[in-house]
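Chemist: Could you have a look at this structure, given as structure tokens, before my questions?
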Amino acid sequence: TAIKQTITKSDINFGYIQTDTVFSSVEKEDFYKSTWFYILLLLPIVILPLGIFMTKKQRELSKDVNRNKLKKADRLTRKYLSSAKKELGNKDTFYSSLEKALHNYLKAKLRVETTDITKDKIEAMLCNKGVDNDIISKFTNVFSACEFARYAPSSEEKMKEDFEKATEAITLIDKNL
């Protein structure tokens with residue numbers, strides 16, 4: 001005893017059937033003799049000479065003693081300047097670090113040893129390099145401030161001022177050289 005139902009006609013009875021098709025080729029293009037094949041084939045031929053050239057250049061640069069000393073001294077200068085900035089409240093370590101930064105800077109730029117550094121020699125060397133007298137006086141004043149601060153009381157504002165003077169003098173000498 002089946003119950004009969006009436007079927008109503010509707011336009012969406014066959015809505016799920018796909019009416020458009022997208023065909024793709026069954027035969028794929030071979031990798032052999034394609035554009036990517038030639039690019040990947042020639043890539044080692046280009047990269048290998050570049051690698052050899054860069055390795056030779058790196059070896060030459062590593063053998064350059066003066067350049068390595070200059071880089072090392074620049075790194076030490078930055079290191080001592082950053083440690084001086086960290087020690088802004090502590091007078092002794094601040095001025096010690098600042099003086100080491102200035103010494104390393106002079107060693108790098110003027111190629112002098114720390115034992116040869118005196119105020120007169122610094123002025124003479126910087127003058128020979130063509131640095132302005134105002135810049136030389138700023139640099140030597142920072143040195144004098146470091147020496148003076150060892151034996152006299154100093155405030156944090158004075159330390160900040162000396163730090164700013166030191167960084168300004170270093171940048172001015174770099175620009176002038």
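Starting from 1 in every chain, residues are counted up; chains themselves are A, B, ... following the order of the structure tokens, and ligands are numbered from 1 as listed.
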Hey, what does DSSP flag as helix (DSSP H, G or I) within segment 83-138 of chain A? Can you give it to me as an MDAnalysis selection string?
Modeler: chainID A and resid 83:86 91:110 114:116 119:128 133:138
Chemist: May I ask which of the residues A:Val22, A:Ile47, A:Ala145, A:Leu61 is the closest one to Leu98 of chain A, counting only C-alpha atoms?
Modeler: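 Nearest to Leu98 of chain A: A:Ala145.
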Chemist: Counting only C-alpha atoms, which residues in segment 4-89 of chain A sit no more than 10 Å from segment 105-122 of chain A? For each one, give the nearest pair of atoms and the distance in Å, sorted by chain then residue number, as CSV.
Modeler:
residue,atom,partner,partner_atom,distance
A:Asn66,CA,A:Arg111,CA,8.8
A:Arg67,CA,A:Ala108,CA,9.4
A:Asn68,CA,A:Ala108,CA,10.0
A:Lys69,CA,A:Ala108,CA,7.0
A:Leu70,CA,A:Ala108,CA,4.9
A:Lys71,CA,A:Ala108,CA,7.9
A:Lys72,CA,A:Ala108,CA,8.2
A:Ala73,CA,A:Ala108,CA,5.3
A:Asp74,CA,A:Tyr105,CA,6.5
A:Arg75,CA,A:Tyr105,CA,9.4
A:Leu76,CA,A:Tyr105,CA,8.3
A:Thr77,CA,A:Tyr105,CA,5.8
A:Arg78,CA,A:Tyr105,CA,9.0
Chemist: Could the residues in this selection be written to a file with all heavy atoms, as a tab-separated table (two decimals), in the first residue's frame?
Modeler:
chain	number	residue	atom	x	y	z
A	66	ASN	N	96.05	45.99	6.66
A	66	ASN	CA	95.62	47.33	7.05
A	66	ASN	C	94.11	47.44	7.10
A	66	ASN	O	93.53	48.05	8.02
A	66	ASN	CB	96.18	48.39	6.10
A	66	ASN	CG	97.66	48.58	6.29
A	66	ASN	OD1	98.19	48.33	7.36
A	66	ASN	ND2	98.34	49.01	5.24
A	67	ARG	N	93.45	46.85	6.12
A	67	ARG	CA	91.99	46.89	6.08
A	67	ARG	C	91.40	46.14	7.28
A	67	ARG	O	90.44	46.59	7.90
A	67	ARG	CB	91.48	46.28	4.78
A	67	ARG	CG	89.98	46.28	4.64
A	67	ARG	CD	89.55	45.66	3.31
A	67	ARG	NE	88.13	45.46	3.28
A	67	ARG	CZ	87.50	44.40	3.74
A	67	ARG	NH1	88.18	43.40	4.25
A	67	ARG	NH2	86.20	44.30	3.67
A	68	ASN	N	91.99	44.98	7.60
A	68	ASN	CA	91.49	44.20	8.74
A	68	ASN	C	91.69	44.96	10.05
A	68	ASN	O	90.83	44.92	10.93
A	68	ASN	CB	92.18	42.84	8.79
A	68	ASN	CG	91.72	41.94	7.68
A	68	ASN	OD1	90.65	42.14	7.11
A	68	ASN	ND2	92.52	40.95	7.35
A	69	LYS	N	92.85	45.62	10.19
A	69	LYS	CA	93.09	46.41	11.40
A	69	LYS	C	92.09	47.55	11.51
A	69	LYS	O	91.58	47.84	12.59
A	69	LYS	CB	94.51	46.98	11.39
A	69	LYS	CG	95.58	46.02	11.80
A	69	LYS	CD	96.92	46.71	11.85
A	69	LYS	CE	98.02	45.75	12.26
A	69	LYS	NZ	99.33	46.43	12.32
A	70	LEU	N	91.81	48.19	10.37
A	70	LEU	CA	90.86	49.30	10.36
A	70	LEU	C	89.47	48.82	10.76
A	70	LEU	O	88.80	49.45	11.57
A	70	LEU	CB	90.83	49.92	8.96
A	70	LEU	CG	90.08	51.22	8.81
A	70	LEU	CD1	90.83	52.34	9.49
A	70	LEU	CD2	89.89	51.54	7.34
A	71	LYS	N	89.04	47.68	10.20
A	71	LYS	CA	87.72	47.14	10.54
A	71	LYS	C	87.64	46.77	12.01
A	71	LYS	O	86.64	47.03	12.68
A	71	LYS	CB	87.41	45.92	9.67
A	71	LYS	CG	86.96	46.27	8.27
A	71	LYS	CD	86.69	45.05	7.45
A	71	LYS	CE	85.46	44.33	7.93
A	71	LYS	NZ	85.09	43.19	7.10
A	72	LYS	N	88.71	46.15	12.51
A	72	LYS	CA	88.72	45.74	13.91
A	72	LYS	C	88.68	46.96	14.84
A	72	LYS	O	87.96	46.97	15.84
A	72	LYS	CB	89.96	44.90	14.20
A	72	LYS	CG	90.01	44.33	15.59
A	72	LYS	CD	91.23	43.46	15.80
A	72	LYS	CE	91.27	42.92	17.20
A	72	LYS	NZ	92.50	42.16	17.47
A	73	ALA	N	89.46	47.98	14.49
A	73	ALA	CA	89.47	49.19	15.32
A	73	ALA	C	88.12	49.91	15.26
A	73	ALA	O	87.65	50.43	16.27
A	73	ALA	CB	90.59	50.12	14.85
A	74	ASP	N	87.50	49.93	14.11
A	74	ASP	CA	86.16	50.54	14.00
A	74	ASP	C	85.15	49.79	14.86
A	74	ASP	O	84.31	50.39	15.53
A	74	ASP	CB	85.68	50.55	12.55
A	74	ASP	CG	86.26	51.70	11.75
A	74	ASP	OD1	86.76	52.66	12.37
A	74	ASP	OD2	86.22	51.63	10.51
A	75	ARG	N	85.24	48.46	14.83
A	75	ARG	CA	84.35	47.64	15.66
A	75	ARG	C	84.57	47.93	17.14
A	75	ARG	O	83.62	48.06	17.92
A	75	ARG	CB	84.60	46.16	15.37
A	75	ARG	CG	83.43	45.44	14.80
A	75	ARG	CD	83.59	43.95	14.69
A	75	ARG	NE	84.92	43.41	14.55
A	75	ARG	CZ	85.48	43.06	13.41
A	75	ARG	NH1	84.82	43.19	12.29
A	75	ARG	NH2	86.70	42.57	13.37
A	76	LEU	N	85.85	48.01	17.54
A	76	LEU	CA	86.16	48.30	18.95
A	76	LEU	C	85.68	49.69	19.34
A	76	LEU	O	85.19	49.89	20.46
A	76	LEU	CB	87.66	48.16	19.19
A	76	LEU	CG	88.19	46.74	19.34
A	76	LEU	CD1	89.71	46.73	19.41
A	76	LEU	CD2	87.61	46.08	20.58
A	77	THR	N	85.82	50.65	18.42
A	77	THR	CA	85.34	52.00	18.71
A	77	THR	C	83.85	51.99	18.98
A	77	THR	O	83.38	52.57	19.96
A	77	THR	CB	85.66	52.94	17.52
A	77	THR	OG1	87.07	52.95	17.30
A	77	THR	CG2	85.19	54.35	17.80
A	78	ARG	N	83.10	51.32	18.11
A	78	ARG	CA	81.65	51.23	18.31
A	78	ARG	C	81.31	50.51	19.60
A	78	ARG	O	80.39	50.89	20.32
A	78	ARG	CB	80.99	50.53	17.12
A	78	ARG	CG	80.73	51.46	15.98
A	78	ARG	CD	79.90	50.83	14.88
A	78	ARG	NE	80.76	50.66	13.72
A	78	ARG	CZ	81.13	49.50	13.22
A	78	ARG	NH1	80.70	48.39	13.72
A	78	ARG	NH2	81.92	49.44	12.18
Chemist: Could you give me, as a Markdown table, a per-residue list for segment 86-152 of chain A showing, wherever an atom lies at most 9 Å from an atom of segment 160-165 of chain A, the closest pair of atoms and their distance in Å to one decimal, using only C-alpha atoms and sorting by chain then residue number from low to high?
Modeler:
| residue | atom | partner | partner_atom | distance |
| --- | --- | --- | --- | --- |
| A:Leu88 | CA | A:Lys160 | CA | 7.0 |
| A:Leu98 | CA | A:Phe163 | CA | 7.4 |
| A:Lys138 | CA | A:Lys165 | CA | 7.3 |
| A:Phe139 | CA | A:Lys165 | CA | 7.9 |
| A:Asn141 | CA | A:Lys165 | CA | 8.8 |
| A:Val142 | CA | A:Asp162 | CA | 6.5 |
| A:Ala145 | CA | A:Asp162 | CA | 7.3 |
| A:Cys146 | CA | A:Asp162 | CA | 8.1 |
Chemist: Those selected residues, please, written with all heavy atoms and delivered as a PDB file, in the first residue's frame.
Modeler:
ATOM      1  N   LEU A  88      76.439  55.534  31.555  1.00  0.00           N
ATOM      2  CA  LEU A  88      76.290  56.987  31.711  1.00  0.00           C
ATOM      3  C   LEU A  88      76.267  57.451  33.170  1.00  0.00           C
ATOM      4  O   LEU A  88      76.704  58.538  33.460  1.00  0.00           O
ATOM      5  CB  LEU A  88      75.033  57.459  30.986  1.00  0.00           C
ATOM      6  CG  LEU A  88      75.270  58.004  29.595  1.00  0.00           C
ATOM      7  CD1 LEU A  88      73.970  58.271  28.874  1.00  0.00           C
ATOM      8  CD2 LEU A  88      76.123  59.235  29.599  1.00  0.00           C
ATOM      9  N   LEU A  98      84.890  55.777  27.108  1.00  0.00           N
ATOM     10  CA  LEU A  98      84.917  56.852  26.126  1.00  0.00           C
ATOM     11  C   LEU A  98      86.339  57.109  25.640  1.00  0.00           C
ATOM     12  O   LEU A  98      86.584  57.275  24.440  1.00  0.00           O
ATOM     13  CB  LEU A  98      84.322  58.128  26.733  1.00  0.00           C
ATOM     14  CG  LEU A  98      84.035  59.271  25.781  1.00  0.00           C
ATOM     15  CD1 LEU A  98      83.031  58.850  24.726  1.00  0.00           C
ATOM     16  CD2 LEU A  98      83.521  60.481  26.530  1.00  0.00           C
ATOM     17  N   LYS A 138      87.683  70.374  18.950  1.00  0.00           N
ATOM     18  CA  LYS A 138      86.585  69.615  19.570  1.00  0.00           C
ATOM     19  C   LYS A 138      87.065  68.246  20.023  1.00  0.00           C
ATOM     20  O   LYS A 138      86.740  67.786  21.117  1.00  0.00           O
ATOM     21  CB  LYS A 138      85.428  69.449  18.584  1.00  0.00           C
ATOM     22  CG  LYS A 138      84.570  70.655  18.423  1.00  0.00           C
ATOM     23  CD  LYS A 138      83.409  70.371  17.484  1.00  0.00           C
ATOM     24  CE  LYS A 138      82.595  71.630  17.258  1.00  0.00           C
ATOM     25  NZ  LYS A 138      81.463  71.412  16.374  1.00  0.00           N
ATOM     26  N   PHE A 139      87.847  67.602  19.161  1.00  0.00           N
ATOM     27  CA  PHE A 139      88.332  66.255  19.485  1.00  0.00           C
ATOM     28  C   PHE A 139      89.271  66.296  20.690  1.00  0.00           C
ATOM     29  O   PHE A 139      89.148  65.483  21.612  1.00  0.00           O
ATOM     30  CB  PHE A 139      89.033  65.655  18.262  1.00  0.00           C
ATOM     31  CG  PHE A 139      89.258  64.182  18.354  1.00  0.00           C
ATOM     32  CD1 PHE A 139      88.224  63.305  18.114  1.00  0.00           C
ATOM     33  CD2 PHE A 139      90.498  63.663  18.693  1.00  0.00           C
ATOM     34  CE1 PHE A 139      88.407  61.943  18.193  1.00  0.00           C
ATOM     35  CE2 PHE A 139      90.690  62.300  18.780  1.00  0.00           C
ATOM     36  CZ  PHE A 139      89.651  61.443  18.527  1.00  0.00           C
ATOM     37  N   ASN A 141      89.404  68.564  22.966  1.00  0.00           N
ATOM     38  CA  ASN A 141      88.645  68.965  24.161  1.00  0.00           C
ATOM     39  C   ASN A 141      87.960  67.765  24.802  1.00  0.00           C
ATOM     40  O   ASN A 141      87.856  67.685  26.026  1.00  0.00           O
ATOM     41  CB  ASN A 141      87.612  70.036  23.810  1.00  0.00           C
ATOM     42  CG  ASN A 141      88.243  71.381  23.557  1.00  0.00           C
ATOM     43  OD1 ASN A 141      89.390  71.627  23.939  1.00  0.00           O
ATOM     44  ND2 ASN A 141      87.512  72.260  22.896  1.00  0.00           N
ATOM     45  N   VAL A 142      87.492  66.840  23.989  1.00  0.00           N
ATOM     46  CA  VAL A 142      86.870  65.630  24.536  1.00  0.00           C
ATOM     47  C   VAL A 142      87.915  64.803  25.279  1.00  0.00           C
ATOM     48  O   VAL A 142      87.662  64.273  26.358  1.00  0.00           O
ATOM     49  CB  VAL A 142      86.189  64.805  23.423  1.00  0.00           C
ATOM     50  CG1 VAL A 142      85.683  63.485  23.961  1.00  0.00           C
ATOM     51  CG2 VAL A 142      85.049  65.584  22.809  1.00  0.00           C
ATOM     52  N   ALA A 145      88.527  66.493  28.508  1.00  0.00           N
ATOM     53  CA  ALA A 145      87.393  66.272  29.417  1.00  0.00           C
ATOM     54  C   ALA A 145      87.471  64.892  30.052  1.00  0.00           C
ATOM     55  O   ALA A 145      87.159  64.723  31.237  1.00  0.00           O
ATOM     56  CB  ALA A 145      86.076  66.443  28.670  1.00  0.00           C
ATOM     57  N   CYS A 146      87.907  63.900  29.283  1.00  0.00           N
ATOM     58  CA  CYS A 146      88.041  62.541  29.835  1.00  0.00           C
ATOM     59  C   CYS A 146      89.113  62.507  30.921  1.00  0.00           C
ATOM     60  O   CYS A 146      88.933  61.894  31.970  1.00  0.00           O
ATOM     61  CB  CYS A 146      88.396  61.548  28.728  1.00  0.00           C
ATOM     62  SG  CYS A 146      87.039  61.165  27.632  1.00  0.00           S
TER      63      CYS A 146
END
Chemist: Check the smallest atom-to-atom distance from each of A:Phe148, A:Tyr38, A:Tyr32, A:Phe23 to Asp92 of chain A using only C-alpha atoms, then report the winner.
Modeler: A:Phe148
Chemist: Could you work out how far atom CA of Glu87 of chain A lies from atom CA of Glu156 of chain A, giving the answer in Å with one decimal?
Modeler: 10.1 Å
Chemist: Between atom CA of Glu168 of chain A and atom CA of Ala149 of chain A, measure the distance and give it in Å to one decimal.
Modeler: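 Atom CA of Ala149 of chain A lies 19.0 Å from atom CA of Glu168 of chain A.
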Chemist: Which polymer residues have any atom within 10 Å of an atom of Lys91 of chain A, counting only C-alpha atoms, with same-chain residues fewer than 5 positions away left out, as a PyMOL selection string?
Modeler: chain A and resi 84+96+146+149-150+152-156+159
Chemist: Only N, CA and C atoms, please: the residues just picked out, written as a PDB file, in the first residue's frame.
Modeler:
ATOM      1  N   ALA A  84      80.170  52.894  26.785  1.00  0.00           N
ATOM      2  CA  ALA A  84      80.175  54.188  27.481  1.00  0.00           C
ATOM      3  C   ALA A  84      78.752  54.704  27.640  1.00  0.00           C
ATOM      4  N   SER A  96      86.378  55.923  31.106  1.00  0.00           N
ATOM      5  CA  SER A  96      87.352  54.932  30.647  1.00  0.00           C
ATOM      6  C   SER A  96      86.942  54.376  29.282  1.00  0.00           C
ATOM      7  N   CYS A 146      87.907  63.900  29.283  1.00  0.00           N
ATOM      8  CA  CYS A 146      88.041  62.541  29.835  1.00  0.00           C
ATOM      9  C   CYS A 146      89.113  62.507  30.921  1.00  0.00           C
ATOM     10  N   ALA A 149      87.857  64.516  34.024  1.00  0.00           N
ATOM     11  CA  ALA A 149      86.750  63.877  34.737  1.00  0.00           C
ATOM     12  C   ALA A 149      87.215  62.743  35.646  1.00  0.00           C
ATOM     13  N   ARG A 150      88.386  62.221  35.388  1.00  0.00           N
ATOM     14  CA  ARG A 150      88.893  61.150  36.268  1.00  0.00           C
ATOM     15  C   ARG A 150      89.114  61.661  37.694  1.00  0.00           C
ATOM     16  N   ALA A 152      87.948  64.845  38.909  1.00  0.00           N
ATOM     17  CA  ALA A 152      86.975  65.829  39.379  1.00  0.00           C
ATOM     18  C   ALA A 152      85.586  65.200  39.396  1.00  0.00           C
ATOM     19  N   PRO A 153      84.711  65.717  40.238  1.00  0.00           N
ATOM     20  CA  PRO A 153      83.340  65.201  40.234  1.00  0.00           C
ATOM     21  C   PRO A 153      82.641  65.571  38.923  1.00  0.00           C
ATOM     22  N   SER A 154      81.718  64.699  38.528  1.00  0.00           N
ATOM     23  CA  SER A 154      81.033  64.914  37.259  1.00  0.00           C
ATOM     24  C   SER A 154      79.573  64.526  37.389  1.00  0.00           C
ATOM     25  N   SER A 155      78.713  65.262  36.716  1.00  0.00           N
ATOM     26  CA  SER A 155      77.284  64.965  36.746  1.00  0.00           C
ATOM     27  C   SER A 155      76.893  64.154  35.507  1.00  0.00           C
ATOM     28  N   GLU A 156      75.679  63.634  35.560  1.00  0.00           N
ATOM     29  CA  GLU A 156      75.209  62.830  34.430  1.00  0.00           C
ATOM     30  C   GLU A 156      74.992  63.703  33.193  1.00  0.00           C
ATOM     31  N   MET A 159      78.289  64.087  31.564  1.00  0.00           N
ATOM     32  CA  MET A 159      78.649  62.853  30.863  1.00  0.00           C
ATOM     33  C   MET A 159      77.922  62.766  29.529  1.00  0.00           C
TER      34      MET A 159
END
